[in-house]
Every structure is written in structure tokens, then in C-alpha cells.
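What's in final01.json: JSON, C-alpha atoms and all ligand atoms
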[["chain", "number", "residue", "atom", "x", "y", "z"],
["A", 1, "MET", "CA", 58.83, 71.40, -80.22],
["A", 2, "SER", "CA", 56.08, 73.69, -81.54],
["A", 3, "GLU", "CA", 53.17, 74.53, -79.24],
["A", 4, "SER", "CA", 50.77, 73.27, -81.91],
["A", 5, "TYR", "CA", 51.39, 69.59, -81.25],
["A", 6, "LYS", "CA", 48.58, 68.03, -79.31],
["A", 7, "TYR", "CA", 49.74, 64.43, -79.09],
["A", 8, "LEU", "CA", 53.53, 64.69, -79.24],
["A", 9, "PHE", "CA", 55.88, 65.83, -76.47],
["A", 10, "GLY", "CA", 59.62, 66.17, -76.19],
["A", 11, "PRO", "CA", 61.94, 64.91, -77.48],
["A", 12, "VAL", "CA", 63.27, 64.46, -73.98],
["A", 13, "PRO", "CA", 66.86, 63.41, -73.37],
["A", 14, "SER", "CA", 67.05, 60.05, -71.64],
["A", 15, "ARG", "CA", 70.10, 58.29, -70.21],
["A", 16, "ARG", "CA", 69.00, 54.96, -71.67],
["A", 17, "LEU", "CA", 67.14, 55.99, -74.81],
["A", 18, "GLY", "CA", 69.03, 59.02, -76.12],
["A", 19, "ARG", "CA", 66.45, 61.48, -77.47],
["A", 20, "SER", "CA", 62.96, 60.17, -77.06],
["A", 21, "LEU", "CA", 59.84, 61.66, -78.69],
["A", 22, "GLY", "CA", 56.73, 60.98, -76.61],
["A", 23, "VAL", "CA", 53.34, 60.18, -78.10],
["A", 24, "ASP", "CA", 50.30, 60.54, -75.89],
["A", 25, "LEU", "CA", 47.42, 58.35, -77.05],
["A", 26, "VAL", "CA", 44.87, 58.81, -74.28],
["A", 27, "PRO", "CA", 43.33, 61.82, -72.50],
["A", 28, "PHE", "CA", 44.93, 62.87, -69.23],
["A", 29, "LYS", "CA", 45.01, 60.07, -66.63],
["A", 30, "THR", "CA", 42.90, 57.62, -68.60],
["A", 31, "CYS", "CA", 44.15, 54.37, -67.20],
["A", 32, "SER", "CA", 43.17, 50.83, -66.26],
["A", 33, "THR", "CA", 44.76, 51.24, -62.82],
["A", 34, "ASN", "CA", 44.99, 54.00, -60.25],
["A", 35, "CYS", "CA", 48.44, 53.42, -58.76],
["A", 36, "VAL", "CA", 49.08, 54.99, -55.37],
["A", 37, "PHE", "CA", 52.41, 56.26, -56.72],
["A", 38, "CYS", "CA", 51.03, 57.78, -59.95],
["A", 39, "GLN", "CA", 52.69, 61.10, -60.62],
["A", 40, "LEU", "CA", 49.72, 62.26, -62.67],
["A", 41, "GLY", "CA", 47.62, 62.59, -59.50],
["A", 42, "PRO", "CA", 44.40, 60.74, -58.58],
["A", 43, "VAL", "CA", 42.78, 58.80, -61.42],
["A", 44, "GLY", "CA", 40.63, 60.70, -63.90],
["A", 45, "HIS", "CA", 39.09, 57.82, -65.80],
["A", 46, "CYS", "CA", 39.70, 54.23, -64.68],
["A", 47, "THR", "CA", 38.63, 52.00, -67.54],
["A", 48, "ILE", "CA", 39.47, 48.83, -69.43],
["A", 49, "ILE", "CA", 37.52, 49.83, -72.52],
["A", 50, "ARG", "CA", 39.79, 49.94, -75.54],
["A", 51, "ARG", "CA", 38.98, 52.44, -78.25],
["A", 52, "ASP", "CA", 40.53, 55.20, -80.36],
["A", 53, "TYR", "CA", 40.63, 57.75, -77.54],
["A", 54, "VAL", "CA", 42.36, 60.24, -79.83],
["A", 55, "PRO", "CA", 42.04, 60.14, -83.63],
["A", 56, "LEU", "CA", 44.74, 57.94, -85.17],
["A", 57, "MET", "CA", 44.92, 60.10, -88.31],
["A", 58, "GLU", "CA", 45.59, 63.22, -86.24],
["A", 59, "VAL", "CA", 48.43, 61.48, -84.39],
["A", 60, "LEU", "CA", 50.01, 60.29, -87.65],
["A", 61, "LYS", "CA", 49.57, 63.74, -89.17],
["A", 62, "GLU", "CA", 51.49, 65.29, -86.26],
["A", 63, "LEU", "CA", 54.25, 62.69, -86.54],
["A", 64, "ARG", "CA", 54.54, 63.36, -90.29],
["A", 65, "GLN", "CA", 54.62, 67.10, -89.67],
["A", 66, "TRP", "CA", 57.23, 66.76, -86.93],
["A", 67, "MET", "CA", 59.48, 64.63, -89.12],
["A", 68, "ALA", "CA", 59.07, 66.99, -92.09],
["A", 69, "SER", "CA", 60.16, 69.93, -89.95],
["A", 70, "ASP", "CA", 63.41, 68.11, -89.30],
["A", 71, "GLY", "CA", 62.45, 66.59, -85.99],
["A", 72, "LYS", "CA", 65.05, 64.09, -84.87],
["A", 73, "ALA", "CA", 64.89, 61.50, -82.14],
["A", 74, "ASP", "CA", 66.35, 58.08, -81.44],
["A", 75, "TYR", "CA", 63.12, 56.63, -80.12],
["A", 76, "VAL", "CA", 59.40, 57.21, -80.33],
["A", 77, "THR", "CA", 57.86, 56.30, -76.99],
["A", 78, "LEU", "CA", 54.17, 55.58, -76.43],
["A", 79, "SER", "CA", 53.57, 56.84, -72.92],
["A", 80, "GLY", "CA", 52.25, 60.04, -71.42],
["A", 81, "SER", "CA", 48.98, 60.69, -69.67],
["A", 82, "GLY", "CA", 47.74, 57.17, -69.07],
["A", 83, "GLU", "CA", 47.84, 53.60, -70.38],
["A", 84, "PRO", "CA", 48.70, 53.58, -74.11],
["A", 85, "THR", "CA", 47.40, 50.03, -74.75],
["A", 86, "LEU", "CA", 43.87, 51.34, -74.04],
["A", 87, "HIS", "CA", 44.10, 52.99, -77.46],
["A", 88, "SER", "CA", 42.87, 50.37, -79.89],
["A", 89, "SER", "CA", 45.22, 51.58, -82.66],
["A", 90, "PHE", "CA", 48.49, 51.85, -80.73],
["A", 91, "GLY", "CA", 49.94, 49.05, -82.89],
["A", 92, "LYS", "CA", 49.20, 51.07, -86.02],
["A", 93, "VAL", "CA", 51.23, 53.97, -84.63],
["A", 94, "LEU", "CA", 54.19, 51.65, -83.96],
["A", 95, "ARG", "CA", 53.94, 50.15, -87.46],
["A", 96, "TRP", "CA", 53.70, 53.58, -89.05],
["A", 97, "VAL", "CA", 56.86, 54.79, -87.27],
["A", 98, "HIS", "CA", 58.77, 51.73, -88.49],
["A", 99, "GLN", "CA", 57.55, 52.11, -92.05],
["A", 100, "ASN", "CA", 58.21, 55.84, -92.24],
["A", 101, "SER", "CA", 61.33, 56.48, -90.19],
["A", 102, "SER", "CA", 64.48, 54.94, -88.81],
["A", 103, "MET", "CA", 63.46, 55.70, -85.23],
["A", 104, "LYS", "CA", 63.07, 52.81, -82.87],
["A", 105, "THR", "CA", 59.94, 52.43, -80.78],
["A", 106, "VAL", "CA", 59.22, 51.93, -77.10],
["A", 107, "LEU", "CA", 55.95, 51.02, -75.43],
["A", 108, "LEU", "CA", 55.56, 51.86, -71.73],
["A", 109, "SER", "CA", 52.69, 49.86, -70.27],
["A", 110, "ASN", "CA", 51.24, 48.97, -66.88],
["A", 111, "SER", "CA", 50.91, 45.31, -68.10],
["A", 112, "SER", "CA", 47.22, 45.13, -67.23],
["A", 113, "LEU", "CA", 45.85, 44.33, -70.70],
["A", 114, "PHE", "CA", 48.43, 41.79, -71.83],
["A", 115, "HIS", "CA", 45.92, 38.97, -71.32],
["A", 116, "LEU", "CA", 44.33, 40.25, -74.57],
["A", 117, "SER", "CA", 45.91, 38.64, -77.63],
["A", 118, "GLU", "CA", 45.33, 41.75, -79.75],
["A", 119, "VAL", "CA", 47.25, 43.86, -77.22],
["A", 120, "ARG", "CA", 50.14, 41.36, -77.19],
["A", 121, "GLN", "CA", 50.19, 41.26, -80.98],
["A", 122, "ASP", "CA", 50.30, 45.05, -81.29],
["A", 123, "ALA", "CA", 52.83, 45.41, -78.45],
["A", 124, "SER", "CA", 55.17, 43.01, -80.24],
["A", 125, "GLU", "CA", 55.63, 45.73, -82.91],
["A", 126, "ALA", "CA", 57.70, 47.80, -80.45],
["A", 127, "ASP", "CA", 61.48, 47.43, -80.26],
["A", 128, "ILE", "CA", 61.34, 47.78, -76.49],
["A", 129, "VAL", "CA", 58.37, 47.01, -74.29],
["A", 130, "LYS", "CA", 58.63, 48.17, -70.70],
["A", 131, "VAL", "CA", 55.99, 46.67, -68.43],
["A", 132, "SER", "CA", 55.28, 47.29, -64.76],
["A", 133, "LEU", "CA", 55.25, 44.77, -61.96],
["A", 134, "SER", "CA", 55.04, 46.11, -58.41],
["A", 135, "ALA", "CA", 52.93, 43.39, -56.78],
["A", 136, "TRP", "CA", 53.07, 39.64, -56.26],
["A", 137, "ASP", "CA", 49.40, 38.65, -55.86],
["A", 138, "GLN", "CA", 45.88, 40.04, -56.16],
["A", 139, "ALA", "CA", 45.87, 41.59, -52.68],
["A", 140, "SER", "CA", 49.14, 43.47, -53.20],
["A", 141, "PHE", "CA", 48.07, 44.43, -56.76],
["A", 142, "GLU", "CA", 44.94, 46.00, -55.28],
["A", 143, "LYS", "CA", 46.91, 47.89, -52.66],
["A", 144, "VAL", "CA", 49.70, 49.21, -54.87],
["A", 145, "ASN", "CA", 48.10, 49.55, -58.30],
["A", 146, "ARG", "CA", 44.39, 49.76, -57.41],
["A", 147, "PRO", "CA", 43.31, 48.17, -60.72],
["A", 148, "HIS", "CA", 39.93, 48.36, -62.42],
["A", 149, "PRO", "CA", 37.67, 45.80, -60.63],
["A", 150, "ASP", "CA", 37.67, 43.47, -63.65],
["A", 151, "LEU", "CA", 41.46, 43.09, -63.68],
["A", 152, "HIS", "CA", 43.13, 40.12, -62.03],
["A", 153, "PHE", "CA", 46.77, 39.72, -61.13],
["A", 154, "GLU", "CA", 47.07, 36.06, -62.19],
["A", 155, "GLN", "CA", 45.50, 36.82, -65.55],
["A", 156, "MET", "CA", 47.90, 39.73, -66.07],
["A", 157, "VAL", "CA", 50.95, 37.61, -65.25],
["A", 158, "GLU", "CA", 49.70, 34.85, -67.53],
["A", 159, "GLY", "CA", 49.35, 37.44, -70.30],
["A", 160, "LEU", "CA", 52.92, 38.60, -69.68],
["A", 161, "HIS", "CA", 54.14, 34.98, -69.88],
["A", 162, "GLN", "CA", 52.40, 34.56, -73.21],
["A", 163, "PHE", "CA", 53.93, 37.79, -74.42],
["A", 164, "ARG", "CA", 57.43, 36.79, -73.31],
["A", 165, "SER", "CA", 57.15, 33.54, -75.24],
["A", 166, "GLU", "CA", 56.05, 35.34, -78.43],
["A", 167, "TYR", "CA", 58.02, 38.58, -78.31],
["A", 168, "LYS", "CA", 61.36, 38.96, -80.12],
["A", 169, "GLY", "CA", 62.22, 42.45, -78.87],
["A", 170, "SER", "CA", 63.65, 43.67, -75.59],
["A", 171, "LEU", "CA", 61.41, 43.28, -72.54],
["A", 172, "TRP", "CA", 62.08, 45.67, -69.68],
["A", 173, "MET", "CA", 60.33, 45.67, -66.36],
["A", 174, "GLU", "CA", 59.82, 48.48, -63.88],
["A", 175, "VAL", "CA", 59.19, 47.78, -60.21],
["A", 176, "PHE", "CA", 57.94, 50.70, -58.18],
["A", 177, "ILE", "CA", 58.78, 50.47, -54.49],
["A", 178, "VAL", "CA", 56.35, 51.96, -51.97],
["A", 179, "PRO", "CA", 57.26, 51.88, -48.26],
["A", 180, "GLY", "CA", 54.62, 50.08, -46.21],
["A", 181, "LEU", "CA", 53.16, 48.31, -49.25],
["A", 182, "ASN", "CA", 55.89, 46.46, -51.14],
["A", 183, "ALA", "CA", 59.26, 47.66, -49.78],
["A", 184, "HIS", "CA", 60.03, 44.96, -47.26],
["A", 185, "PRO", "CA", 62.70, 42.54, -48.54],
["A", 186, "ASP", "CA", 60.28, 39.61, -48.11],
["A", 187, "GLU", "CA", 57.77, 41.38, -50.37],
["A", 188, "VAL", "CA", 60.41, 42.38, -52.88],
["A", 189, "ARG", "CA", 61.61, 38.75, -53.02],
["A", 190, "LYS", "CA", 58.06, 37.73, -53.99],
["A", 191, "ILE", "CA", 57.97, 40.34, -56.77],
["A", 192, "ALA", "CA", 61.42, 39.17, -57.88],
["A", 193, "ALA", "CA", 60.18, 35.57, -57.99],
["A", 194, "VAL", "CA", 57.31, 36.51, -60.32],
["A", 195, "ALA", "CA", 59.66, 38.70, -62.37],
["A", 196, "SER", "CA", 62.18, 35.90, -62.87],
["A", 197, "THR", "CA", 59.53, 33.68, -64.47],
["A", 198, "LEU", "CA", 59.08, 36.39, -67.12],
["A", 199, "ARG", "CA", 62.78, 36.52, -68.03],
["A", 200, "PRO", "CA", 62.97, 40.30, -68.56],
["A", 201, "ASP", "CA", 66.06, 41.63, -70.31],
["A", 202, "ARG", "CA", 66.25, 44.47, -67.80],
["A", 203, "ILE", "CA", 64.66, 45.25, -64.46],
["A", 204, "GLN", "CA", 64.48, 48.79, -63.17],
["A", 205, "LEU", "CA", 63.65, 49.93, -59.64],
["A", 206, "ASN", "CA", 61.88, 53.18, -59.03],
["A", 207, "THR", "CA", 60.45, 55.01, -56.05],
["A", 208, "ALA", "CA", 58.42, 58.17, -55.47],
["A", 209, "VAL", "CA", 61.10, 60.81, -55.98],
["A", 210, "ARG", "CA", 58.41, 63.12, -57.38],
["A", 211, "PRO", "CA", 55.07, 63.86, -55.64],
["A", 212, "PRO", "CA", 52.74, 60.86, -56.12],
["A", 213, "ALA", "CA", 48.92, 60.54, -56.18],
["A", 214, "GLU", "CA", 48.73, 59.75, -52.48],
["A", 215, "SER", "CA", 50.58, 61.82, -49.91],
["A", 216, "PHE", "CA", 51.34, 58.76, -47.75],
["A", 217, "VAL", "CA", 53.53, 57.38, -50.53],
["A", 218, "GLN", "CA", 57.13, 58.26, -49.89],
["A", 219, "ALA", "CA", 60.47, 57.44, -51.45],
["A", 220, "VAL", "CA", 62.76, 54.79, -50.06],
["A", 221, "PRO", "CA", 66.37, 55.96, -49.69],
["A", 222, "PRO", "CA", 68.74, 55.28, -52.62],
["A", 223, "ASP", "CA", 71.00, 52.93, -50.64],
["A", 224, "TYR", "CA", 67.98, 50.83, -49.59],
["A", 225, "LEU", "CA", 66.82, 50.67, -53.22],
["A", 226, "GLN", "CA", 70.33, 49.60, -54.16],
["A", 227, "LYS", "CA", 70.16, 46.71, -51.67],
["A", 228, "LEU", "CA", 66.79, 45.62, -53.02],
["A", 229, "SER", "CA", 68.23, 45.58, -56.54],
["A", 230, "LEU", "CA", 70.37, 42.57, -55.52],
["A", 231, "LEU", "CA", 67.23, 40.49, -54.95],
["A", 232, "PHE", "CA", 66.46, 40.42, -58.68],
["A", 233, "ALA", "CA", 67.91, 38.31, -61.47],
["A", 234, "PRO", "CA", 69.15, 39.94, -63.60],
["A", 235, "GLN", "CA", 70.15, 42.43, -60.91],
["A", 236, "ALA", "CA", 67.87, 45.43, -61.10],
["A", 237, "GLU", "CA", 69.15, 48.90, -61.88],
["A", 238, "VAL", "CA", 68.00, 51.86, -59.84],
["A", 239, "ILE", "CA", 66.35, 54.41, -62.10],
["A", 240, "ALA", "CA", 64.84, 56.72, -59.47],
["A", 241, "SER", "CA", 66.63, 59.97, -60.19],
["A", 242, "PHE", "CA", 67.83, 61.20, -56.82],
["A", 243, "LYS", "CA", 69.98, 64.30, -57.11],
["A", 244, "PRO", "CA", 73.67, 63.47, -56.62],
["A", 245, "GLY", "CA", 74.41, 63.22, -52.92],
["A", 246, "GLU", "CA", 70.77, 63.63, -51.99],
["A", 247, "LYS", "CA", 69.52, 61.14, -49.45],
["A", 248, "ALA", "CA", 65.76, 60.66, -49.71],
["A", 249, "SER", "CA", 64.04, 59.89, -46.49],
["A", 250, "MET", "CA", 60.54, 59.23, -45.27],
["A", 251, "ILE", "CA", 58.95, 61.50, -42.70],
["A", 252, "LEU", "CA", 59.75, 59.79, -39.45],
["A", 253, "ASN", "CA", 56.85, 59.97, -37.06],
["A", 254, "GLU", "CA", 54.55, 57.64, -35.11],
["A", 255, "LYS", "CA", 52.17, 57.26, -38.06],
["A", 256, "THR", "CA", 54.91, 56.13, -40.45],
["A", 257, "VAL", "CA", 56.44, 53.68, -37.99],
["A", 258, "ARG", "CA", 53.04, 52.27, -36.97],
["A", 259, "ARG", "CA", 52.19, 51.65, -40.60],
["A", 260, "LEU", "CA", 55.49, 49.90, -41.29],
["A", 261, "ILE", "CA", 55.48, 47.63, -38.24],
["A", 262, "ALA", "CA", 51.75, 46.88, -38.53],
["A", 263, "LEU", "CA", 52.56, 45.27, -41.89],
["A", 264, "HIS", "CA", 55.82, 43.58, -40.86],
["A", 265, "PRO", "CA", 57.56, 43.01, -37.56],
["A", 266, "SER", "CA", 60.84, 44.88, -38.05],
["A", 267, "THR", "CA", 64.10, 45.55, -36.27],
["A", 268, "VAL", "CA", 65.35, 49.07, -35.53],
["A", 269, "GLU", "CA", 68.05, 48.54, -38.14],
["A", 270, "GLN", "CA", 65.51, 47.58, -40.84],
["A", 271, "LEU", "CA", 63.31, 50.57, -39.98],
["A", 272, "ALA", "CA", 66.32, 52.87, -40.16],
["A", 273, "HIS", "CA", 67.13, 51.53, -43.65],
["A", 274, "ILE", "CA", 63.58, 51.85, -44.92],
["A", 275, "THR", "CA", 63.02, 55.35, -43.56],
["A", 276, "GLY", "CA", 66.50, 56.73, -44.19],
["A", 277, "HIS", "CA", 66.87, 57.93, -40.59],
["A", 278, "SER", "CA", 69.30, 56.97, -37.85],
["A", 279, "GLU", "CA", 68.66, 54.02, -35.56],
["A", 280, "ALA", "CA", 68.57, 56.43, -32.60],
["A", 281, "ALA", "CA", 65.82, 58.49, -34.27],
["A", 282, "VAL", "CA", 63.82, 55.33, -35.05],
["A", 283, "GLN", "CA", 64.22, 54.09, -31.50],
["A", 284, "SER", "CA", 62.90, 57.32, -30.06],
["A", 285, "VAL", "CA", 59.74, 57.09, -32.20],
["A", 286, "LEU", "CA", 59.30, 53.45, -31.20],
["A", 287, "ASP", "CA", 59.57, 54.48, -27.54],
["A", 288, "GLN", "CA", 56.68, 56.89, -28.07],
["A", 289, "LEU", "CA", 54.41, 54.03, -29.12],
["A", 290, "GLY", "CA", 54.49, 52.78, -25.51],
["A", 291, "SER", "CA", 51.98, 50.07, -24.73],
["A", 292, "HIS", "CA", 50.96, 49.71, -28.39],
["A", 293, "LEU", "CA", 54.32, 48.16, -29.08],
["A", 294, "MET", "CA", 55.08, 44.44, -28.96],
["A", 295, "LYS", "CA", 58.61, 43.04, -28.98],
["A", 296, "SER", "CA", 59.76, 39.58, -29.87],
["A", 297, "GLU", "CA", 63.19, 38.05, -30.26],
["A", 298, "HIS", "CA", 64.06, 36.05, -33.33],
["A", 299, "ASN", "CA", 67.53, 34.72, -34.20],
["A", 300, "GLY", "CA", 69.07, 37.08, -31.67],
["A", 301, "ALA", "CA", 67.40, 40.20, -33.14],
["A", 302, "LEU", "CA", 64.65, 42.23, -31.52],
["A", 303, "TYR", "CA", 61.55, 42.71, -33.70],
["A", 304, "TYR", "CA", 58.85, 45.31, -33.12],
["A", 305, "THR", "CA", 55.22, 45.07, -34.12],
["A", 306, "LEU", "CA", 51.90, 46.49, -32.89],
["A", 307, "SER", "CA", 49.90, 44.81, -30.19],
["A", 308, "ALA", "CA", 46.70, 43.12, -31.34],
["A", 309, "SER", "CA", 44.55, 45.58, -29.38],
["A", 310, "VAL", "CA", 45.58, 48.55, -31.54],
["B", 401, "LIG", "S1", 49.74, 52.88, -64.76],
["B", 401, "LIG", "FE1", 50.89, 54.76, -64.92],
["B", 401, "LIG", "S2", 49.37, 56.29, -65.56],
["B", 401, "LIG", "FE2", 48.24, 54.51, -64.81],
["B", 401, "LIG", "S3", 47.81, 55.00, -62.69],
["B", 401, "LIG", "FE3", 49.67, 53.77, -62.73],
["B", 401, "LIG", "S4", 51.34, 55.25, -62.78],
["B", 401, "LIG", "FE4", 49.46, 56.35, -63.33]]
Please render this file's structure as C-alpha cells.
Amino acid sequence: MSESYKYLFGPVPSRRLGRSLGVDLVPFKTCSTNCVFCQLGPVGHCTIIRRDYVPLMEVLKELRQWMASDGKADYVTLSGSGEPTLHSSFGKVLRWVHQNSSMKTVLLSNSSLFHLSEVRQDASEADIVKVSLSAWDQASFEKVNRPHPDLHFEQMVEGLHQFRSEYKGSLWMEVFIVPGLNAHPDEVRKIAAVASTLRPDRIQLNTAVRPPAESFVQAVPPDYLQKLSLLFAPQAEVIASFKPGEKASMILNEKTVRRLIALHPSTVEQLAHITGHSEAAVQSVLDQLGSHLMKSEHNGALYYTLSASV
């Protein structure tokens, strides 16, 4: 790839998409949400205003130039520095690629603007649309994705339903798991319940294997992610790219454990799974919480939570 391209990147090799040429349609971190796990860092410009953030003609000119210089890729993917559906002409880019090449197209979106019929119509031009769903209601949406104040979870899901009923291509869904916010099996079941109503062709689970926007966001271990994948129908695939043999783990300290049990009463075994540490290590941190800790027995298992006075 020549240095002179401003809007194209790659092509990058991808396990699922072969060689994929990226097209970046918005300035760095221009997005309708400010996800805690965003690998682009804290939000630059949180907006729901749709416009031609970068000139359409310039993007098409680069694509033409890239193809003329023998550029080859299996897919053209609209992704990059922010939310591509904020660009009011993203559908024209998809149409142009189909009319001028044999490459297939992919749209990676955070789902937030699918309540707009024009966004759904343009998205339906893509061969694959991958949307995000990492929450199950407005409160969890606000914690995990930190959307623009005018965005509402129910409206977004309704938009996705509409899209599913209209769209003929392949709908993929990515669920990003964040310990302490949406990693507990009860929470994941709620996400899976919403996901199943959208009948995605594929569901992919991810976690923060690269440094995210917020330092408190950590990765869940691969074997825990694998267990969560069974809660989805179709069963989710784990796409977080842990190095072979590498076992991701959360920092195990009082702060981490407090945060986890403040949200959900948990057993030592569950905490060991979520954090990727041994039960003995978890128990020793729990012991340090002393009088802040509350225990209760349920179905023969001992659950820990924080006392109300904390
Ligand atoms: S939708 Fe993507 S680009 Fe936008 S904040 Fe979330 S992770 Fe970052």
C-alpha cells in the first residue's frame, strides 16, 4: 500500500475474510458511542450527525487508483477510525465497489443508527454487515457503550429487527465482553436473548486483548469466553486473538474483586474463572476485604458480595 492513500488501509489478512482492504470514512474516533473497550482511545467526537465527513469523490478516486495499480483484495471493509454509517454516502461507496470490481463488501457498524431507514437501506448494499451488541438494556448500553445522549437501546434493537427482516446478506454480530459490566453469565444470557431475536448468521465474542480506552477494562480469559460462547444460538465463536497458549488474566487485587462482587454475588469458583486466577489466589483477596464482605449460601454454594455499608 502506497503512503499516499488517505482513506484506504491494508489490505490486511483476515482469517474469515481473506485479504480485506479497509476504507476509513470518518476522521479519527468520530463515533456515535464512546465504548469503554474502544481500542482507538477516549472519544474524539461523539456525534449522531450524518454528513460527508470525508469527500466521497476523493475516496472513490483512491479506490480507482488502488485497483488500477493492481491492488487485489477479497473484501472491501468499511471500518477504521469510527462509525462508518455516520458518513452520509457510505452506501454509494458500497455500490461503487460492486459496480466496479468483483470484491465483496463488509460493513462494520456499532448498530446505533439502524433506526434510520436510510442507514438500513444503504447498509443492505453490503454483502456482510457486522453489527455490535454488548448490552441488553439502556442502563447496560450506557455503561458499556456510553452512547450519544440521544441514542436509545430499544430504538437501536428495533432498527436491527427491521434490518434483519429486510436484509438478504449475511448478518454477523460481535459481542464485546467486559469484566464487571457484562461478563457475568446472567448478563451474557440477557445479551444472548436479545441476539437470538435478531437471528444473526454468526455471533462472535471478543474481549480487550489490546489496550482499551479505559484502563479498568480487562480481558476475560479465553476458556471463560469459550464457556460464554455456549450461551448463544447459534453458538458464538471466540474471535479475541489470544496468542497460542497465552492465558489472559485480570489484575487480581481488592479493587477488581470489589468491583465484580459489588455487581454480582459470586462464588470463589466463578471469580477464579472470570479473573483467570486460581481459587486460592481469589480466596486470599476476598479474605483481605474483611468486614466489607458478606457471605450467603445458595443451593449449597457460598456467594460473596459487599456489605451495604461499603
Ligand atoms: S463503536 Fe467502535 S469506534 Fe466507536 S467507540 Fe465503540 S469501539 Fe470505538
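Nearest to A:Ala240 of all the residues A:Gln204, A:Ser117, A:Gln138, A:Thr256 is A:Gln204, counting all atoms listed in the file.
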Polymer residues at most 8 Å from stretch 119-133 of chain A, all atoms listed in the file, same-chain spacing of 3 or more positions, as number ranges by chain: A: 85, 90-92, 94-95, 104-111, 113-116, 136, 159, 163, 166-176, 191, 195
Next, the residues of the selection above should be written as a PDB file, keeping the file's coordinate frame with C-alpha atoms.
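Result went into result_34.pdb, see below:
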ATOM      1  CA  THR A  85      47.400  50.030 -74.750  1.00  0.00           C
ATOM      2  CA  PHE A  90      48.490  51.850 -80.730  1.00  0.00           C
ATOM      3  CA  GLY A  91      49.940  49.050 -82.890  1.00  0.00           C
ATOM      4  CA  LYS A  92      49.200  51.070 -86.020  1.00  0.00           C
ATOM      5  CA  LEU A  94      54.190  51.650 -83.960  1.00  0.00           C
ATOM      6  CA  ARG A  95      53.940  50.150 -87.460  1.00  0.00           C
ATOM      7  CA  LYS A 104      63.070  52.810 -82.870  1.00  0.00           C
ATOM      8  CA  THR A 105      59.940  52.430 -80.780  1.00  0.00           C
ATOM      9  CA  VAL A 106      59.220  51.930 -77.100  1.00  0.00           C
ATOM     10  CA  LEU A 107      55.950  51.020 -75.430  1.00  0.00           C
ATOM     11  CA  LEU A 108      55.560  51.860 -71.730  1.00  0.00           C
ATOM     12  CA  SER A 109      52.690  49.860 -70.270  1.00  0.00           C
ATOM     13  CA  ASN A 110      51.240  48.970 -66.880  1.00  0.00           C
ATOM     14  CA  SER A 111      50.910  45.310 -68.100  1.00  0.00           C
ATOM     15  CA  LEU A 113      45.850  44.330 -70.700  1.00  0.00           C
ATOM     16  CA  PHE A 114      48.430  41.790 -71.830  1.00  0.00           C
ATOM     17  CA  HIS A 115      45.920  38.970 -71.320  1.00  0.00           C
ATOM     18  CA  LEU A 116      44.330  40.250 -74.570  1.00  0.00           C
ATOM     19  CA  TRP A 136      53.070  39.640 -56.260  1.00  0.00           C
ATOM     20  CA  GLY A 159      49.350  37.440 -70.300  1.00  0.00           C
ATOM     21  CA  PHE A 163      53.930  37.790 -74.420  1.00  0.00           C
ATOM     22  CA  GLU A 166      56.050  35.340 -78.430  1.00  0.00           C
ATOM     23  CA  TYR A 167      58.020  38.580 -78.310  1.00  0.00           C
ATOM     24  CA  LYS A 168      61.360  38.960 -80.120  1.00  0.00           C
ATOM     25  CA  GLY A 169      62.220  42.450 -78.870  1.00  0.00           C
ATOM     26  CA  SER A 170      63.650  43.670 -75.590  1.00  0.00           C
ATOM     27  CA  LEU A 171      61.410  43.280 -72.540  1.00  0.00           C
ATOM     28  CA  TRP A 172      62.080  45.670 -69.680  1.00  0.00           C
ATOM     29  CA  MET A 173      60.330  45.670 -66.360  1.00  0.00           C
ATOM     30  CA  GLU A 174      59.820  48.480 -63.880  1.00  0.00           C
ATOM     31  CA  VAL A 175      59.190  47.780 -60.210  1.00  0.00           C
ATOM     32  CA  PHE A 176      57.940  50.700 -58.180  1.00  0.00           C
ATOM     33  CA  ILE A 191      57.970  40.340 -56.770  1.00  0.00           C
ATOM     34  CA  ALA A 195      59.660  38.700 -62.370  1.00  0.00           C
TER      35      ALA A 195
END
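Using only C-alpha atoms and all ligand atoms as the basis for the distance check, residues found within 6 Å of ligand LIG 401 (chain B) are Lys29, Cys31, Thr33, Asn34, Cys35, Cys38, Leu40, Gly82, Glu83 and Asn110 of chain A.
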Which residues of stretch 27-64 of chain A come within 12 Å of stretch 218-225 of chain A, and for each one, what is the closest pair of atoms and their distance in Å to one decimal, counting only C-alpha atoms, sorted by chain and residue number, as JSON lines?
{"residue": "A:Val36", "atom": "CA", "partner": "A:Gln218", "partner_atom": "CA", "distance": 10.3}
{"residue": "A:Phe37", "atom": "CA", "partner": "A:Gln218", "partner_atom": "CA", "distance": 8.5}
{"residue": "A:Cys38", "atom": "CA", "partner": "A:Gln218", "partner_atom": "CA", "distance": 11.8}
{"residue": "A:Gln39", "atom": "CA", "partner": "A:Gln218", "partner_atom": "CA", "distance": 12.0}
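Between A:Leu230 and the candidates A:Met156, A:Met57, A:Ala192, A:Ala281, the tightest atom-to-atom separation, counting only C-alpha atoms, involves A:Ala192.
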message: Using Å and a single decimal, report how far atom CA of A:Gly80 sits from atom CA of A:Ala208.
response: 17.2 Å
- request: One decimal, Å: what's the distance from atom CA of A:Ser134 over to atom CA of A:Val188, could you say?
  value: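 Calculated distance between atom CA of A:Ser134 and atom CA of A:Val188 is 8.6 Å.
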